[in-house]
file entry_15.csv (CSV, C-alpha atoms and all ligand atoms)
chain,number,residue,atom,x,y,z
D,1382,MET,CA,-4.1,-15.4,14.2
D,1383,LEU,CA,-1.5,-15.3,11.4
D,1384,SER,CA,-0.3,-11.8,12.3
D,1385,ASP,CA,-1.3,-9.0,14.6
D,1386,VAL,CA,-0.4,-5.3,15.1
D,1387,ALA,CA,1.5,-3.8,18.0
D,1388,VAL,CA,0.1,-0.4,18.7
D,1389,ASP,CA,-0.8,1.4,21.9
D,1390,ASP,CA,-1.2,4.8,23.5
D,1391,PHE,CA,2.0,6.3,21.9
D,1392,GLU,CA,0.5,5.9,18.4
D,1393,LEU,CA,-2.8,7.2,19.6
D,1394,ARG,CA,-1.2,10.3,21.0
D,1395,ALA,CA,0.9,10.9,17.9
D,1396,LEU,CA,-2.3,10.7,15.8
D,1397,ALA,CA,-4.1,13.1,18.1
D,1398,ALA,CA,-1.2,15.6,18.0
D,1399,VAL,CA,-1.2,15.6,14.1
D,1400,LEU,CA,-5.0,16.2,14.1
D,1401,GLU,CA,-4.7,19.0,16.6
D,1402,GLU,CA,-1.9,20.5,14.5
D,1403,GLY,CA,-4.1,20.4,11.4
D,1404,TRP,CA,-1.5,19.8,8.7
D,1405,LEU,CA,-2.5,16.4,7.3
D,1406,SER,CA,-0.3,15.3,4.4
D,1407,MET,CA,3.3,15.6,3.3
D,1408,GLY,CA,4.7,17.9,6.0
D,1409,PRO,CA,7.1,17.7,9.0
D,1410,GLN,CA,6.0,14.2,10.1
D,1411,VAL,CA,6.7,12.7,6.7
D,1412,GLN,CA,10.0,14.4,6.5
D,1413,ALA,CA,11.0,13.3,10.0
D,1414,PHE,CA,9.9,9.7,9.3
D,1415,GLU,CA,11.9,9.7,6.1
D,1416,GLU,CA,15.0,11.0,7.9
D,1417,ALA,CA,14.6,8.4,10.8
D,1418,PHE,CA,14.1,5.5,8.3
D,1419,ALA,CA,17.1,6.6,6.2
D,1420,GLN,CA,19.3,6.9,9.2
D,1421,MET,CA,18.3,3.6,10.7
D,1422,HIS,CA,19.2,1.8,7.5
D,1423,GLY,CA,22.3,3.9,6.6
D,1424,ALA,CA,20.8,5.1,3.4
D,1425,ALA,CA,21.4,8.6,1.9
D,1426,HIS,CA,17.7,9.1,0.9
D,1427,ALA,CA,14.3,7.8,1.9
D,1428,VAL,CA,11.1,8.5,0.0
D,1429,ALA,CA,7.9,7.8,1.9
D,1430,VAL,CA,5.0,6.7,-0.2
D,1431,SER,CA,1.4,5.4,0.2
D,1432,SER,CA,2.2,1.7,-0.1
D,1433,GLY,CA,4.8,-0.9,-0.8
D,1434,THR,CA,3.3,-1.3,-4.2
D,1435,ALA,CA,3.7,2.4,-4.9
D,1436,ALA,CA,7.4,2.0,-3.7
D,1437,LEU,CA,8.0,-0.8,-6.2
D,1438,HIS,CA,6.3,1.2,-9.0
D,1439,LEU,CA,8.4,4.3,-8.4
D,1440,ALA,CA,11.6,2.4,-8.0
D,1441,LEU,CA,11.1,0.6,-11.3
D,1442,ALA,CA,9.9,3.7,-13.1
D,1443,ALA,CA,12.9,5.8,-11.7
D,1444,ALA,CA,15.2,3.0,-12.9
D,1445,GLY,CA,13.9,3.7,-16.4
D,1446,VAL,CA,12.0,0.4,-16.8
D,1447,GLY,CA,9.6,0.9,-19.7
D,1448,PRO,CA,7.8,-0.8,-22.5
D,1449,GLY,CA,9.5,-4.0,-23.8
D,1450,ASP,CA,12.1,-4.1,-21.0
D,1451,GLU,CA,12.5,-7.3,-19.0
D,1452,VAL,CA,12.6,-7.5,-15.3
D,1453,ILE,CA,14.0,-10.7,-13.8
D,1454,GLN,CA,12.3,-11.6,-10.5
D,1455,PRO,CA,11.1,-14.6,-8.5
D,1456,ALA,CA,7.7,-16.2,-9.1
D,1457,ILE,CA,7.4,-16.9,-5.3
D,1458,ASN,CA,6.6,-13.3,-4.2
D,1459,PHE,CA,3.6,-11.2,-3.5
D,1460,VAL,CA,2.2,-10.2,-6.9
D,1461,ALA,CA,3.0,-6.4,-6.4
D,1462,ALA,CA,6.4,-6.4,-8.1
D,1463,ALA,CA,5.2,-8.4,-11.1
D,1464,ASN,CA,2.0,-6.2,-11.4
D,1465,MET,CA,4.1,-3.0,-11.3
D,1466,THR,CA,6.5,-4.4,-13.9
D,1467,ARG,CA,3.5,-5.1,-16.2
D,1468,THR,CA,1.9,-1.7,-15.4
D,1469,LEU,CA,5.1,-0.1,-16.8
D,1470,GLY,CA,4.7,-2.1,-20.0
D,1471,ALA,CA,7.6,-4.2,-19.1
D,1472,VAL,CA,7.8,-8.0,-18.9
D,1473,PRO,CA,8.3,-9.9,-15.7
D,1474,VAL,CA,10.7,-12.8,-16.4
D,1475,PHE,CA,10.4,-15.3,-13.6
D,1476,ALA,CA,13.5,-17.1,-12.4
D,1477,ASP,CA,13.3,-20.2,-10.2
D,1478,ILE,CA,14.2,-20.2,-6.5
D,1479,THR,CA,17.3,-21.8,-5.1
D,1480,ALA,CA,15.7,-24.8,-3.3
D,1481,VAL,CA,12.4,-25.8,-2.0
D,1482,ASP,CA,13.4,-25.0,1.5
D,1483,ARG,CA,15.1,-21.8,0.4
D,1484,PRO,CA,12.5,-19.7,-1.6
D,1485,LEU,CA,15.0,-17.0,-2.7
D,1486,ILE,CA,15.8,-16.3,-6.4
D,1487,SER,CA,18.5,-18.5,-7.7
D,1488,PRO,CA,21.5,-16.5,-9.2
D,1489,GLN,CA,22.1,-19.4,-11.6
D,1490,ALA,CA,18.4,-19.2,-12.8
D,1491,VAL,CA,18.9,-15.4,-13.2
D,1492,GLN,CA,21.9,-16.0,-15.4
D,1493,ARG,CA,19.8,-18.3,-17.6
D,1494,ALA,CA,17.0,-15.7,-17.8
D,1495,LEU,CA,19.2,-12.8,-19.1
D,1496,THR,CA,18.6,-11.4,-22.5
D,1497,PRO,CA,19.7,-8.2,-24.3
D,1498,ARG,CA,16.3,-6.7,-23.1
D,1499,THR,CA,16.9,-7.3,-19.4
D,1500,LYS,CA,16.8,-4.0,-17.6
D,1501,ALA,CA,16.4,-4.7,-13.9
D,1502,LEU,CA,16.6,-7.5,-11.4
D,1503,ILE,CA,14.4,-7.8,-8.3
D,1504,ALA,CA,15.9,-9.4,-5.2
D,1505,PHE,CA,13.1,-10.4,-2.8
D,1506,HIS,CA,14.0,-11.2,0.8
D,1507,HIS,CA,11.3,-13.8,1.4
D,1508,GLY,CA,10.1,-13.9,5.0
D,1509,GLY,CA,12.8,-11.4,5.9
D,1510,TYR,CA,15.7,-13.8,4.9
D,1511,PRO,CA,18.3,-12.2,2.6
D,1512,ALA,CA,18.5,-13.2,-1.0
D,1513,ASP,CA,22.0,-14.0,-2.4
D,1514,LEU,CA,23.0,-10.4,-2.6
D,1515,ALA,CA,26.7,-10.9,-3.4
D,1516,ALA,CA,25.9,-13.0,-6.5
D,1517,LEU,CA,22.9,-10.9,-7.6
D,1518,LYS,CA,25.0,-7.7,-7.3
D,1519,ALA,CA,27.7,-9.2,-9.4
D,1520,ILE,CA,25.2,-10.2,-12.1
D,1521,ALA,CA,23.6,-6.7,-12.0
D,1522,ALA,CA,27.0,-5.0,-12.3
D,1523,GLU,CA,28.3,-7.2,-15.1
D,1524,HIS,CA,25.2,-6.7,-17.2
D,1525,GLY,CA,24.4,-3.1,-16.3
D,1526,LEU,CA,21.1,-3.9,-14.6
D,1527,SER,CA,19.3,-2.0,-11.9
D,1528,LEU,CA,19.1,-4.1,-8.8
D,1529,ILE,CA,15.9,-3.4,-6.9
D,1530,GLU,CA,15.2,-5.0,-3.5
D,1531,ASP,CA,11.7,-6.0,-2.5
D,1532,ALA,CA,12.5,-5.6,1.2
D,1533,CYS,CA,8.9,-5.4,2.3
D,1534,HIS,CA,9.5,-8.3,4.7
D,1535,ALA,CA,12.9,-7.1,5.9
D,1536,PRO,CA,13.2,-3.7,7.7
D,1537,ALA,CA,16.3,-3.0,9.8
D,1538,THR,CA,18.2,-6.2,8.8
D,1539,PHE,CA,21.9,-5.9,8.2
D,1540,VAL,CA,23.9,-8.2,6.0
D,1541,GLU,CA,27.6,-7.6,5.6
D,1542,GLY,CA,27.3,-4.3,7.4
D,1543,ARG,CA,24.6,-3.0,5.1
D,1544,ALA,CA,20.8,-2.9,5.6
D,1545,LEU,CA,18.6,-5.0,3.3
D,1546,GLY,CA,17.1,-2.4,0.9
D,1547,THR,CA,20.4,-0.5,0.5
D,1548,HIS,CA,22.4,-3.0,-1.5
D,1549,GLY,CA,21.2,-2.1,-4.9
D,1550,ALA,CA,19.8,0.9,-6.8
D,1551,ALA,CA,16.7,1.1,-4.6
D,1552,GLY,CA,15.0,-0.8,-1.8
D,1553,CYS,CA,11.2,-1.0,-1.3
D,1554,PHE,CA,9.4,-1.4,2.0
D,1555,SER,CA,5.8,-1.8,3.0
D,1556,PHE,CA,4.0,-0.8,6.2
D,1557,PHE,CA,0.8,-2.6,5.5
D,1558,ALA,CA,-1.0,-3.9,8.6
D,1559,ASN,CA,0.6,-7.4,8.5
D,1560,LYS,CA,4.2,-6.2,8.2
D,1561,ASN,CA,6.9,-6.1,10.9
D,1562,ILE,CA,5.9,-2.4,11.5
D,1563,THR,CA,2.8,-0.7,10.2
D,1564,THR,CA,1.3,2.6,9.3
D,1565,ALA,CA,-1.9,0.8,8.3
D,1566,GLU,CA,-1.1,1.5,4.6
D,1567,GLY,CA,2.3,2.9,3.7
D,1568,GLY,CA,5.6,2.3,2.1
D,1569,MET,CA,9.2,3.7,1.8
D,1570,ILE,CA,12.0,3.6,-0.8
D,1571,LEU,CA,15.6,3.8,0.1
D,1572,THR,CA,18.4,4.8,-2.3
D,1573,HIS,CA,22.0,6.0,-2.2
D,1574,SER,CA,21.4,8.0,-5.4
D,1575,ALA,CA,20.3,11.6,-5.2
D,1576,GLU,CA,19.2,11.4,-8.8
D,1577,LEU,CA,16.9,8.4,-8.3
D,1578,ALA,CA,15.5,10.0,-5.1
D,1579,GLY,CA,14.7,13.2,-6.9
D,1580,ARG,CA,13.0,11.3,-9.7
D,1581,MET,CA,10.9,9.3,-7.3
D,1582,ARG,CA,9.9,12.4,-5.3
D,1583,LEU,CA,8.8,14.0,-8.6
D,1584,LEU,CA,6.8,11.0,-9.7
D,1585,ARG,CA,5.3,10.6,-6.2
D,1586,SER,CA,3.3,13.8,-6.6
D,1587,HIS,CA,2.2,14.2,-10.3
D,1588,GLY,CA,5.7,15.3,-11.5
D,1589,MET,CA,5.1,18.6,-9.8
D,1590,THR,CA,8.2,20.6,-9.0
D,1591,ALA,CA,6.8,22.0,-5.7
D,1592,THR,CA,4.6,20.4,-3.0
D,1593,THR,CA,1.8,22.2,-1.1
D,1594,TRP,CA,4.1,22.1,1.9
D,1595,ASP,CA,6.8,24.0,-0.1
D,1596,ARG,CA,4.3,26.6,-1.0
D,1597,HIS,CA,2.9,26.8,2.5
D,1598,GLN,CA,6.5,27.4,3.8
D,1599,GLY,CA,6.9,30.2,1.3
D,1600,HIS,CA,9.6,28.2,-0.6
D,1601,ALA,CA,7.6,28.4,-3.9
D,1602,SER,CA,4.6,30.1,-5.2
D,1603,ALA,CA,4.1,28.2,-8.5
D,1604,TYR,CA,5.0,24.9,-9.9
D,1605,ASP,CA,5.7,23.2,-13.1
D,1606,VAL,CA,4.9,19.6,-14.1
D,1607,GLU,CA,8.0,17.9,-15.4
D,1608,ALA,CA,6.9,14.3,-15.7
D,1609,ILE,CA,3.8,12.2,-15.8
D,1610,GLY,CA,3.5,11.1,-12.2
D,1611,PHE,CA,1.1,9.7,-9.6
D,1612,ASN,CA,-0.4,10.5,-6.3
D,1613,TYR,CA,1.7,8.2,-4.0
D,1614,ARG,CA,2.0,10.7,-1.2
D,1615,MET,CA,2.2,9.6,2.4
D,1616,ASP,CA,0.0,11.5,4.9
D,1617,GLU,CA,1.1,13.0,8.2
D,1618,LEU,CA,-1.0,10.7,10.3
D,1619,ARG,CA,0.7,7.6,8.9
D,1620,ALA,CA,4.1,9.1,9.2
D,1621,ALA,CA,3.4,10.0,12.8
D,1622,ILE,CA,2.4,6.3,13.5
D,1623,GLY,CA,5.5,5.2,11.6
D,1624,ARG,CA,7.8,7.2,13.7
D,1625,VAL,CA,6.5,5.6,16.9
D,1626,GLN,CA,6.6,2.1,15.2
D,1627,LEU,CA,10.3,2.6,14.4
D,1628,THR,CA,11.1,2.9,18.1
D,1629,ARG,CA,9.5,-0.5,18.6
D,1630,LEU,CA,11.0,-2.3,15.6
D,1631,ALA,CA,14.1,-3.8,17.3
D,1632,GLY,CA,12.1,-5.2,20.2
D,1633,LEU,CA,9.4,-6.6,17.8
D,1634,GLN,CA,12.0,-8.3,15.7
D,1635,GLU,CA,13.8,-9.8,18.6
D,1636,ARG,CA,10.5,-11.3,19.8
D,1637,ARG,CA,9.8,-12.6,16.3
D,1638,ARG,CA,13.3,-14.2,16.1
D,1639,SER,CA,12.9,-15.9,19.5
D,1640,LEU,CA,9.5,-17.3,18.4
D,1641,THR,CA,11.1,-18.5,15.2
D,1642,GLU,CA,13.7,-20.4,17.3
D,1643,CYS,CA,10.9,-21.8,19.3
D,1644,TYR,CA,9.2,-23.1,16.2
D,1645,ARG,CA,12.5,-24.6,14.9
D,1646,ARG,CA,13.1,-26.4,18.2
D,1647,HIS,CA,9.7,-27.9,18.3
D,1648,LEU,CA,9.3,-28.8,14.6
D,1649,SER,CA,12.8,-30.3,14.2
D,1650,ALA,CA,11.6,-33.4,16.1
D,1651,VAL,CA,8.4,-33.7,13.9
D,1652,PRO,CA,8.8,-36.1,11.0
D,1653,GLY,CA,7.4,-34.8,7.7
D,1654,VAL,CA,7.8,-31.1,8.4
D,1655,ASP,CA,10.7,-28.9,7.4
D,1656,VAL,CA,11.0,-25.3,8.5
D,1657,VAL,CA,11.9,-23.1,5.6
D,1658,LEU,CA,15.4,-21.8,5.9
D,1659,GLU,CA,15.9,-23.7,9.1
D,1660,SER,CA,19.6,-24.1,8.8
D,1661,TYR,CA,20.1,-20.4,8.1
D,1662,ASN,CA,21.5,-18.7,11.1
D,1663,GLY,CA,22.5,-15.3,9.8
D,1664,PRO,CA,20.7,-12.0,10.3
D,1665,HIS,CA,17.0,-12.0,9.3
D,1666,ALA,CA,13.8,-10.1,10.1
D,1667,ALA,CA,11.7,-13.1,11.0
D,1668,HIS,CA,8.7,-11.8,9.1
D,1669,LEU,CA,7.3,-15.2,8.2
D,1670,LEU,CA,7.4,-18.7,9.5
D,1671,ALA,CA,6.9,-21.1,6.6
D,1672,VAL,CA,7.1,-24.8,6.7
D,1673,LEU,CA,7.1,-27.6,4.1
D,1674,VAL,CA,4.9,-30.6,4.3
D,1675,PRO,CA,4.4,-33.5,1.8
D,1676,ALA,CA,2.3,-32.1,-1.1
D,1677,GLY,CA,-0.5,-34.6,-0.6
D,1678,GLN,CA,-1.0,-33.8,3.1
D,1679,ARG,CA,-1.1,-30.0,3.0
D,1680,ASP,CA,-4.9,-29.6,2.7
D,1681,ARG,CA,-5.4,-32.0,5.6
D,1682,ILE,CA,-2.9,-30.1,7.8
D,1683,VAL,CA,-4.4,-26.7,6.9
D,1684,ARG,CA,-7.8,-28.1,7.8
D,1685,ALA,CA,-6.6,-29.5,11.1
D,1686,CYS,CA,-5.1,-26.1,11.9
D,1687,ARG,CA,-8.4,-24.3,11.1
D,1688,GLN,CA,-10.3,-26.7,13.2
D,1689,GLY,CA,-7.9,-26.0,16.0
D,1690,GLY,CA,-8.5,-22.3,15.7
D,1691,ILE,CA,-5.1,-21.7,14.0
D,1692,GLN,CA,-5.0,-19.4,10.9
D,1693,THR,CA,-2.5,-20.4,8.2
D,1694,SER,CA,-1.7,-18.9,4.8
D,1695,LEU,CA,0.6,-19.5,1.8
D,1696,HIS,CA,3.4,-17.1,0.9
D,1697,TYR,CA,3.1,-17.4,-2.0
D,1698,PRO,CA,1.4,-19.2,-4.8
D,1699,CYS,CA,3.5,-19.3,-8.0
D,1700,ILE,CA,2.7,-16.0,-9.8
D,1701,SER,CA,2.8,-17.7,-13.2
D,1702,ASP,CA,-0.1,-19.8,-12.2
D,1703,PHE,CA,-2.4,-16.9,-11.7
D,1704,THR,CA,-5.0,-16.3,-14.5
D,1705,ALA,CA,-3.6,-12.9,-15.4
D,1706,TYR,CA,-0.1,-14.4,-15.7
D,1707,ARG,CA,-1.0,-17.6,-17.5
D,1708,GLY,CA,1.6,-18.3,-20.1
D,1709,ALA,CA,3.9,-15.7,-18.7
D,1710,ALA,CA,6.5,-18.1,-17.5
D,1711,ARG,CA,9.4,-18.3,-20.0
D,1712,CYS,CA,11.5,-20.7,-18.0
D,1713,GLU,CA,10.4,-23.8,-16.2
D,1714,LEU,CA,9.9,-23.2,-12.5
D,1715,PRO,CA,9.9,-26.7,-11.0
D,1716,ILE,CA,11.2,-25.6,-7.6
D,1717,SER,CA,8.8,-22.7,-7.3
D,1718,ARG,CA,5.9,-25.0,-8.2
D,1719,GLU,CA,6.9,-27.5,-5.6
D,1720,PHE,CA,7.2,-24.8,-3.0
D,1721,ALA,CA,3.8,-23.5,-3.8
D,1722,GLN,CA,2.3,-27.0,-3.4
D,1723,ARG,CA,4.1,-27.8,-0.1
D,1724,ALA,CA,4.4,-24.6,1.9
D,1725,ILE,CA,2.3,-23.4,4.8
D,1726,THR,CA,2.8,-20.1,6.6
D,1727,LEU,CA,2.2,-20.5,10.3
D,1728,PRO,CA,1.2,-17.7,12.8
D,1729,LEU,CA,4.1,-15.4,13.7
D,1730,HIS,CA,3.8,-12.0,15.3
D,1731,ALA,CA,5.3,-10.3,18.3
D,1732,GLY,CA,2.2,-10.8,20.4
D,1733,LEU,CA,2.2,-14.5,20.0
D,1734,ALA,CA,3.0,-16.6,23.2
D,1735,GLN,CA,5.5,-19.5,23.2
D,1736,ALA,CA,2.7,-21.7,24.4
D,1737,GLU,CA,0.7,-20.8,21.3
D,1738,VAL,CA,3.7,-21.8,19.1
D,1739,GLU,CA,3.8,-25.1,21.0
D,1740,ALA,CA,0.1,-25.6,20.5
D,1741,VAL,CA,0.5,-25.0,16.7
D,1742,CYS,CA,3.4,-27.5,16.5
D,1743,THR,CA,1.3,-30.0,18.4
D,1744,VAL,CA,-1.6,-29.7,16.0
D,1745,ILE,CA,0.7,-30.1,13.0
D,1746,GLU,CA,2.4,-33.1,14.6
D,1747,GLN,CA,-0.9,-34.8,15.3
D,1748,ALA,CA,-2.3,-34.0,11.9
D,1749,LEU,CA,0.8,-35.5,10.2
D,1750,ALA,CA,0.5,-38.6,12.5
D,1751,GLY,CA,-3.1,-38.9,11.4
D,1752,THR,CA,-4.6,-38.3,14.9
D,1753,SER,CA,-6.7,-35.4,15.9
D,1754,GLY,CA,-5.9,-33.9,19.3
D,1755,ARG,CA,-7.3,-31.1,21.2
D,1756,ARG,CA,-5.4,-28.2,22.7
D,1757,PRO,CA,-4.8,-29.0,26.3
D,1758,LYS,CA,-6.4,-26.6,28.8
D,1759,SER,CA,-3.1,-25.9,30.5
D,1760,VAL,CA,-1.9,-24.3,27.2
D,1761,ALA,CA,-4.6,-21.7,27.2
D,1762,ARG,CA,-3.7,-20.7,30.7
D,1763,ARG,CA,0.0,-20.4,29.9
D,1764,MET,CA,-0.8,-18.3,26.9
D,1765,GLU,CA,-2.6,-15.8,29.1
D,1766,GLN,CA,0.4,-15.7,31.5
D,1767,GLU,CA,2.9,-15.2,28.7
D,1768,ARG,CA,0.9,-12.5,27.0
D,1769,ALA,CA,1.0,-10.6,30.3
D,1770,LEU,CA,4.8,-11.0,30.2
D,1771,CYS,CA,5.5,-9.7,26.7
D,1801,LIG,C1,3.2,-6.3,1.4
D,1801,LIG,C2,4.1,-6.6,0.3
D,1801,LIG,C3,4.1,-5.8,-0.9
D,1801,LIG,C4,3.1,-4.7,-1.2
D,1801,LIG,O1,3.0,-3.8,-0.2
D,1801,LIG,P1,1.6,-2.9,0.0
D,1801,LIG,O2,2.0,-1.9,1.1
D,1801,LIG,O3,0.6,-3.9,0.5
D,1801,LIG,O4,1.3,-2.3,-1.3
D,1801,LIG,C5,5.0,-6.1,-1.9
D,1801,LIG,N1,5.9,-7.1,-1.8
D,1801,LIG,C6,5.9,-7.8,-0.7
D,1801,LIG,C7,6.9,-8.9,-0.6
D,1801,LIG,C8,5.0,-7.6,0.4
D,1801,LIG,O5,5.0,-8.4,1.4
call {"tool": "encode", "arguments": {"input": "entry_15.csv", "output": "structure tokens"}}
result
Amino acid sequence: MLSDVAVDDFELRALAAVLEEGWLSMGPQVQAFEEAFAQMHGAAHAVAVSSGTAALHLALAAAGVGPGDEVIQPAINFVAAANMTRTLGAVPVFADITAVDRPLISPQAVQRALTPRTKALIAFHHGGYPADLAALKAIAAEHGLSLIEDACHAPATFVEGRALGTHGAAGCFSFFANKNITTAEGGMILTHSAELAGRMRLLRSHGMTATTWDRHQGHASAYDVEAIGFNYRMDELRAAIGRVQLTRLAGLQERRRSLTECYRRHLSAVPGVDVVLESYNGPHAAHLLAVLVPAGQRDRIVRACRQGGIQTSLHYPCISDFTAYRGAARCELPISREFAQRAITLPLHAGLAQAEVEAVCTVIEQALAGTSGRRPKSVARRMEQERALC
């Protein structure tokens, strides 16, 4: 399996407690989850929302992105940031990535994409590996742009003493089922700005000045609507799961990092495969394990993986190649295109056994060598043993 969730009795008990309590949305659990997330990341404010997509939408809206504005961003990303840019009537301007084995937005390409209409810049930490924040922050400061981090792959990852998601105006996180921690669906925005946080809280719930919880607590009896907003609220059940997941996060990421090292060790000896960001040894969240293979061989390798019971994926196709984005690329994106033709995402989650990693590497090695091998029986046994250990 490409990814898997780590939940057990603690999440179940937290859910049961919320149901017994009977307050189901936007109450003490959400508040406590926001506080814990903000504290863990050293941010002044955290705003819990219903998804990572909602987080991106609110962050862009609160930054004032609107019709005609341009938002520079990578084309190798999940489509959410681009979709939310378009939803606001703004134009996603795609800048190329740094290198085919480094799928992070290139600051030089960002420079070339600037126009007088550029309003914001999205830094996406692909796979949990940090984008070039120093350079991107400098560009944002020089040109008065809002820097928004798509940190959906990168919770609790500290670069130069600061968590990813806290380097710019706002940082967006997702707790979808395949992320490093999950609330099933869910998201969070971090910001140091009280003004932005207030704006996002307002837009989260229809621009209303008081929530049902405020009124329940006797803090308010009426409300005004100050802005045209949305329903992006998080519920108490998800927040309760999220609070438990936060206590697991460090352990889960450590396991992901050690499996990443295992992949790197095994694949470094295999000709024709390059692990994406292999030479990077700084802090990262080990969300994805992506490799590059020769373009002409990818389909064959993906097929060999499927036949061996190994699920693979692609993070991501080049957004400007999607039907809804055809013709949207203003700049040439040769490196993004090459990445999208050569990358394969391999299974990586905390429940994976080292023996499974080895088995995946063997299948890839054999597929590249043109032979088809079967997973040895001993591997299946060792997988069972290791699962019991971790
Ligand atoms: C998951 C994800 C999103 C969207 O998050 P949802 O919670 O699924 O809406 C956005 N950007 C990236 C990079 C993601 O991985």
call {"tool": "residues_near_ligand", "arguments": {"input": "entry_15.csv", "ligand": "ligand LIG 1801 (chain D)", "cutoff": "8 Å", "atoms": "only C-alpha atoms and all ligand atoms", "output": "PyMOL selection string"}}
result
chain D and resi 1431-1437+1458-1462+1505-1507+1531-1534+1554-1557+1559-1560+1566-1568
call {"tool": "residues_around", "arguments": {"input": "entry_15.csv", "residues": "Ser1406 of chain D", "least_positions_apart": "5", "cutoff": "10 Å", "atoms": "only C-alpha atoms", "output": "list of chain:residue names"}}
result
D:Val1399, D:Val1411, D:Thr1593, D:Trp1594, D:Arg1614, D:Met1615, D:Asp1616, D:Glu1617, D:Leu1618, D:Arg1619, D:Ala1620
call {"tool": "closest_atom_pairs", "arguments": {"input": "entry_15.csv", "of": "segment 1463-1536 of chain D", "to": "segment 1622-1639 of chain D", "cutoff": "12 Å", "atoms": "all atoms listed in the file", "output": "Markdown table"}}
result
| residue | atom | partner | partner_atom | distance |
| --- | --- | --- | --- | --- |
| D:Gly1508 | CA | D:Arg1637 | CA | 11.4 |
| D:Gly1509 | CA | D:Gln1634 | CA | 10.3 |
| D:Tyr1510 | CA | D:Arg1638 | CA | 11.5 |
| D:His1534 | CA | D:Gln1634 | CA | 11.3 |
| D:Ala1535 | CA | D:Gln1634 | CA | 9.9 |
| D:Pro1536 | CA | D:Leu1630 | CA | 8.3 |
call {"tool": "closest_residue", "arguments": {"input": "entry_15.csv", "among": "D:Ala1516, D:Val1474, D:Ala1621, D:Leu1733", "to": "Ala1565 of chain D", "atoms": "only C-alpha atoms"}}
result
D:Ala1621
call {"tool": "residues_around", "arguments": {"input": "entry_15.csv", "residues": "segment 1724-1731 of chain D", "least_positions_apart": "4", "cutoff": "7 Å", "atoms": "all atoms listed in the file", "output": "PyMOL selection string"}}
result
chain D and resi 1382-1385+1633+1636-1637+1669-1674+1692-1696+1720
call {"tool": "residues_around", "arguments": {"input": "entry_15.csv", "residues": "Pro1448 of chain D", "least_positions_apart": "5", "cutoff": "7 Å", "atoms": "all atoms listed in the file", "output": "MDAnalysis selection string"}}
result
chainID D and resid 1469:1471
call {"tool": "residues_around", "arguments": {"input": "entry_15.csv", "residues": "Leu1439 of chain D", "least_positions_apart": "6", "cutoff": "10 Å", "atoms": "all atoms listed in the file", "output": "list in words"}}
result
Val1428, Val1430, Gly1433, Gly1445, Val1446, Met1465, Ala1551, Cys1553, Ile1570, Leu1577, Ala1578, Arg1580, Met1581, Arg1582, Leu1583, Leu1584, Arg1585, Gly1610, Phe1611 and Tyr1613 of chain D
call {"tool": "closest_residue", "arguments": {"input": "entry_15.csv", "among": "D:Asp1680, D:Glu1746, D:Glu1713, D:Glu1576", "to": "Ala1650 of chain D", "atoms": "all atoms listed in the file"}}
result
D:Glu1746
call {"tool": "closest_residue", "arguments": {"input": "entry_15.csv", "among": "D:Gln1688, D:Thr1564, D:Asp1605, D:Ser1574", "to": "Val1386 of chain D", "atoms": "only C-alpha atoms"}}
result
D:Thr1564
call {"tool": "residues_around", "arguments": {"input": "entry_15.csv", "residues": "Arg1718 of chain D", "least_positions_apart": "3", "cutoff": "10 Å", "atoms": "only C-alpha atoms", "output": "count of residues only"}}
result
16
call {"tool": "closest_residue", "arguments": {"input": "entry_15.csv", "among": "D:Ala1425, D:Met1589, D:Ile1486, D:Glu1659", "to": "Cys1643 of chain D", "atoms": "only C-alpha atoms"}}
result
D:Glu1659
call {"tool": "atom_distance", "arguments": {"input": "entry_15.csv", "atom1": "atom CA of Ser1649 of chain D", "atom2": "atom CA of Ala1676 of chain D"}}
result
18.6 Å
